[in-house]
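To start, the structure under review is shown below, and the notes come after it.
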Amino acid sequence: MNNSEPTLTKLEETLTAYLDGKLSPAEAAVFEAAHPEVAAERRQHEQLRAALAKEAPALSHGDFFNHQILREISPAPAPLAVKRTAFPLWRLAVGAAACLLAAAGIFFTFVGPQKSRNSDYFAQVLSVKAGDPDITAQLVEAGGVAVVWIDGLDALPTNYVLE
């Protein structure tokens, strides 16, 4: 019995004790005298108990059996709803591949690899101009190398620390 069931009345408690044989012979005689129909019920109860004791197998693991019954009678869980997303993984992968293909096409079509035009220069110096009138700068080209020569700068002091 659990807490959700109503409590038994005095008559029900006495009837249960009578059917289970827990009343003393004097109390059983008084109860039979007050309720003559219970004697027939007790005979049927004893016959049922004897038949069950003879025919019904003993449960070796009653708790496990109860869990099986509860599992059988419990309502089935609701199926999980499939959540649809706007951008599943396969769409993102296809989009990334398309973007990569478009970027490669634009690069090779319009930009292309930078090739030197029959020259070994990495950069071409177009003009050399110093912002200070005391400093002169000129471009010196010799042996295929271009050098910017700057005159007029002060030497760094010996205690100057480069970072």
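Residues in the structure tokens are numbered from 1 in each chain, the chains being A, B, ... in the order shown, and ligands are numbered from 1 in the order shown.
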Exercise. Could you pull out all residues of segment 12-162 of chain A with a DSSP call of helix (DSSP H, G or I) and give them as a ChimeraX atom specification?
Worked result: /A:12-20,25-34,38-55,62-73,89-111
Exercise. If you measure from atom CA of Val128 of chain A to atom CA of Val140 of chain A, what distance in Å do you get, rounded to one decimal?
Worked result: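 Separation between atom CA of Val128 of chain A and atom CA of Val140 of chain A: 10.6 Å.
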Problem set entry | Ala146 of chain A surroundings by only C-alpha atoms, 9 Å radius, close-in-sequence under 4 positions cut, as a PyMOL selection string | chain A and resi 121+124-125+139-142
I'd like a table as JSON lines: residues in segment 38-150 of chain A with an atom no more than 12 Å from segment 21-25 of chain A, each row giving the shortest atom pair and its distance in Å to one decimal, only C-alpha atoms counted, sorted by chain and rising residue number.
{"residue": "A:Arg42", "atom": "CA", "partner": "A:Gly21", "partner_atom": "CA", "distance": 9.4}
{"residue": "A:Arg43", "atom": "CA", "partner": "A:Gly21", "partner_atom": "CA", "distance": 11.7}
{"residue": "A:His45", "atom": "CA", "partner": "A:Gly21", "partner_atom": "CA", "distance": 10.8}
{"residue": "A:Glu46", "atom": "CA", "partner": "A:Gly21", "partner_atom": "CA", "distance": 10.0}
Exercise. Which residues, written as a list of chain:residue names, have at least one atom at most 10 Å from segment 147-152 of chain A, with only C-alpha atoms counted and residues fewer than 2 positions away on the same chain left out?
Worked result: A:Val125, A:Ser127, A:Val128, A:Lys129, A:Ala130, A:Asp132, A:Pro133, A:Asp134, A:Ile135, A:Thr136, A:Ala137, A:Gln138, A:Leu139, A:Val140, A:Glu141, A:Ala142, A:Gly144, A:Val145, A:Asp154, A:Ala155
Written file, previous selection with all heavy atoms, as a short mmCIF file (atom, residue, chain, number, x, y, z; two decimals), in the first residue's frame:
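Below is the file that was written, selection.cif:
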data_model
loop_
_atom_site.label_atom_id
_atom_site.label_comp_id
_atom_site.auth_asym_id
_atom_site.auth_seq_id
_atom_site.Cartn_x
_atom_site.Cartn_y
_atom_site.Cartn_z
N VAL A 125 61.94 51.09 -58.28
CA VAL A 125 61.96 52.41 -57.66
C VAL A 125 61.67 53.43 -58.76
O VAL A 125 62.40 53.56 -59.73
CB VAL A 125 63.32 52.69 -56.99
CG1 VAL A 125 63.32 54.08 -56.37
CG2 VAL A 125 63.63 51.63 -55.95
N SER A 127 60.74 56.94 -58.09
CA SER A 127 61.32 58.25 -57.77
C SER A 127 61.84 58.22 -56.35
O SER A 127 61.35 57.46 -55.52
CB SER A 127 60.28 59.36 -57.93
OG SER A 127 59.30 59.26 -56.92
N VAL A 128 62.82 59.07 -56.09
CA VAL A 128 63.43 59.16 -54.77
C VAL A 128 63.36 60.62 -54.37
O VAL A 128 63.86 61.49 -55.09
CB VAL A 128 64.89 58.66 -54.77
CG1 VAL A 128 65.51 58.82 -53.40
CG2 VAL A 128 64.95 57.22 -55.22
N LYS A 129 62.73 60.88 -53.25
CA LYS A 129 62.58 62.25 -52.80
C LYS A 129 62.73 62.27 -51.29
O LYS A 129 62.15 61.45 -50.59
CB LYS A 129 61.20 62.75 -53.20
CG LYS A 129 61.05 64.24 -53.21
CD LYS A 129 59.62 64.67 -53.45
CE LYS A 129 59.06 64.17 -54.75
NZ LYS A 129 57.71 64.67 -55.03
N ALA A 130 63.49 63.20 -50.74
CA ALA A 130 63.65 63.35 -49.30
C ALA A 130 62.80 64.51 -48.86
O ALA A 130 62.73 65.54 -49.53
CB ALA A 130 65.11 63.59 -48.94
N ASP A 132 63.29 66.41 -46.20
CA ASP A 132 64.11 67.42 -45.51
C ASP A 132 65.10 68.00 -46.52
O ASP A 132 65.78 67.25 -47.22
CB ASP A 132 64.84 66.73 -44.36
CG ASP A 132 65.51 67.72 -43.41
OD1 ASP A 132 65.54 68.92 -43.72
OD2 ASP A 132 65.98 67.26 -42.35
N PRO A 133 65.24 69.37 -46.59
CA PRO A 133 66.19 69.94 -47.57
C PRO A 133 67.64 69.64 -47.26
O PRO A 133 68.51 69.71 -48.14
CB PRO A 133 65.90 71.45 -47.52
CG PRO A 133 65.10 71.68 -46.29
CD PRO A 133 64.48 70.40 -45.91
N ASP A 134 67.98 69.27 -46.01
CA ASP A 134 69.38 68.96 -45.66
C ASP A 134 69.76 67.55 -46.09
O ASP A 134 70.94 67.19 -46.04
CB ASP A 134 69.58 69.08 -44.14
CG ASP A 134 69.38 70.51 -43.65
OD1 ASP A 134 69.57 71.44 -44.48
OD2 ASP A 134 69.03 70.69 -42.48
N ILE A 135 68.79 66.73 -46.47
CA ILE A 135 69.06 65.33 -46.82
C ILE A 135 68.90 65.19 -48.33
O ILE A 135 67.96 65.69 -48.93
CB ILE A 135 68.09 64.39 -46.09
CG1 ILE A 135 68.25 64.51 -44.57
CG2 ILE A 135 68.30 62.95 -46.53
CD1 ILE A 135 67.23 63.76 -43.79
N THR A 136 69.87 64.50 -48.93
CA THR A 136 69.79 64.22 -50.36
C THR A 136 69.66 62.72 -50.55
O THR A 136 70.25 61.93 -49.82
CB THR A 136 71.04 64.71 -51.10
OG1 THR A 136 72.18 64.06 -50.56
CG2 THR A 136 71.18 66.21 -51.00
N ALA A 137 68.85 62.34 -51.54
CA ALA A 137 68.66 60.93 -51.84
C ALA A 137 68.78 60.75 -53.34
O ALA A 137 68.27 61.56 -54.11
CB ALA A 137 67.30 60.47 -51.36
N GLN A 138 69.47 59.70 -53.75
CA GLN A 138 69.62 59.43 -55.18
C GLN A 138 69.61 57.93 -55.42
O GLN A 138 69.93 57.16 -54.53
CB GLN A 138 70.88 60.07 -55.72
CG GLN A 138 72.15 59.59 -55.03
CD GLN A 138 73.39 60.31 -55.54
OE1 GLN A 138 73.33 61.00 -56.55
NE2 GLN A 138 74.49 60.17 -54.84
N LEU A 139 69.24 57.57 -56.59
CA LEU A 139 69.16 56.16 -56.98
C LEU A 139 70.43 55.79 -57.71
O LEU A 139 70.81 56.44 -58.69
CB LEU A 139 67.94 55.94 -57.87
CG LEU A 139 67.68 54.51 -58.34
CD1 LEU A 139 67.43 53.57 -57.18
CD2 LEU A 139 66.53 54.47 -59.31
N VAL A 140 71.09 54.75 -57.25
CA VAL A 140 72.32 54.27 -57.87
C VAL A 140 72.05 52.86 -58.36
O VAL A 140 71.69 52.00 -57.58
CB VAL A 140 73.49 54.30 -56.88
CG1 VAL A 140 74.75 53.76 -57.52
CG2 VAL A 140 73.71 55.68 -56.31
N GLU A 141 72.24 52.64 -59.68
CA GLU A 141 72.06 51.31 -60.25
C GLU A 141 73.40 50.82 -60.74
O GLU A 141 74.06 51.49 -61.53
CB GLU A 141 71.07 51.36 -61.41
CG GLU A 141 69.67 51.69 -60.97
CD GLU A 141 68.69 51.58 -62.10
OE1 GLU A 141 68.74 50.58 -62.86
OE2 GLU A 141 67.85 52.49 -62.21
N ALA A 142 73.79 49.64 -60.29
CA ALA A 142 75.06 49.08 -60.74
C ALA A 142 74.97 47.56 -60.64
O ALA A 142 74.56 47.02 -59.62
CB ALA A 142 76.21 49.60 -59.89
N GLY A 144 73.01 45.40 -61.99
CA GLY A 144 71.68 44.82 -61.88
C GLY A 144 71.05 45.01 -60.52
O GLY A 144 70.02 44.42 -60.23
N VAL A 145 71.66 45.86 -59.66
CA VAL A 145 71.13 46.12 -58.34
C VAL A 145 70.86 47.61 -58.23
O VAL A 145 71.70 48.43 -58.61
CB VAL A 145 72.12 45.67 -57.25
CG1 VAL A 145 71.62 46.03 -55.87
CG2 VAL A 145 72.39 44.19 -57.34
N ASP A 154 72.32 62.07 -39.68
CA ASP A 154 73.24 62.03 -38.55
C ASP A 154 73.46 60.57 -38.16
O ASP A 154 72.57 59.73 -38.28
CB ASP A 154 72.69 62.80 -37.35
CG ASP A 154 72.60 64.30 -37.61
OD1 ASP A 154 73.39 64.78 -38.43
OD2 ASP A 154 71.73 64.95 -37.00
N ALA A 155 74.66 60.30 -37.66
CA ALA A 155 74.96 58.94 -37.20
C ALA A 155 74.26 58.69 -35.88
O ALA A 155 74.04 59.61 -35.08
CB ALA A 155 76.47 58.76 -37.03
#
Exercise. How many Å lie between atom CA of Gln44 of chain A and atom CA of Ala29 of chain A, rounded to one decimal?
Worked result: 17.9 Å
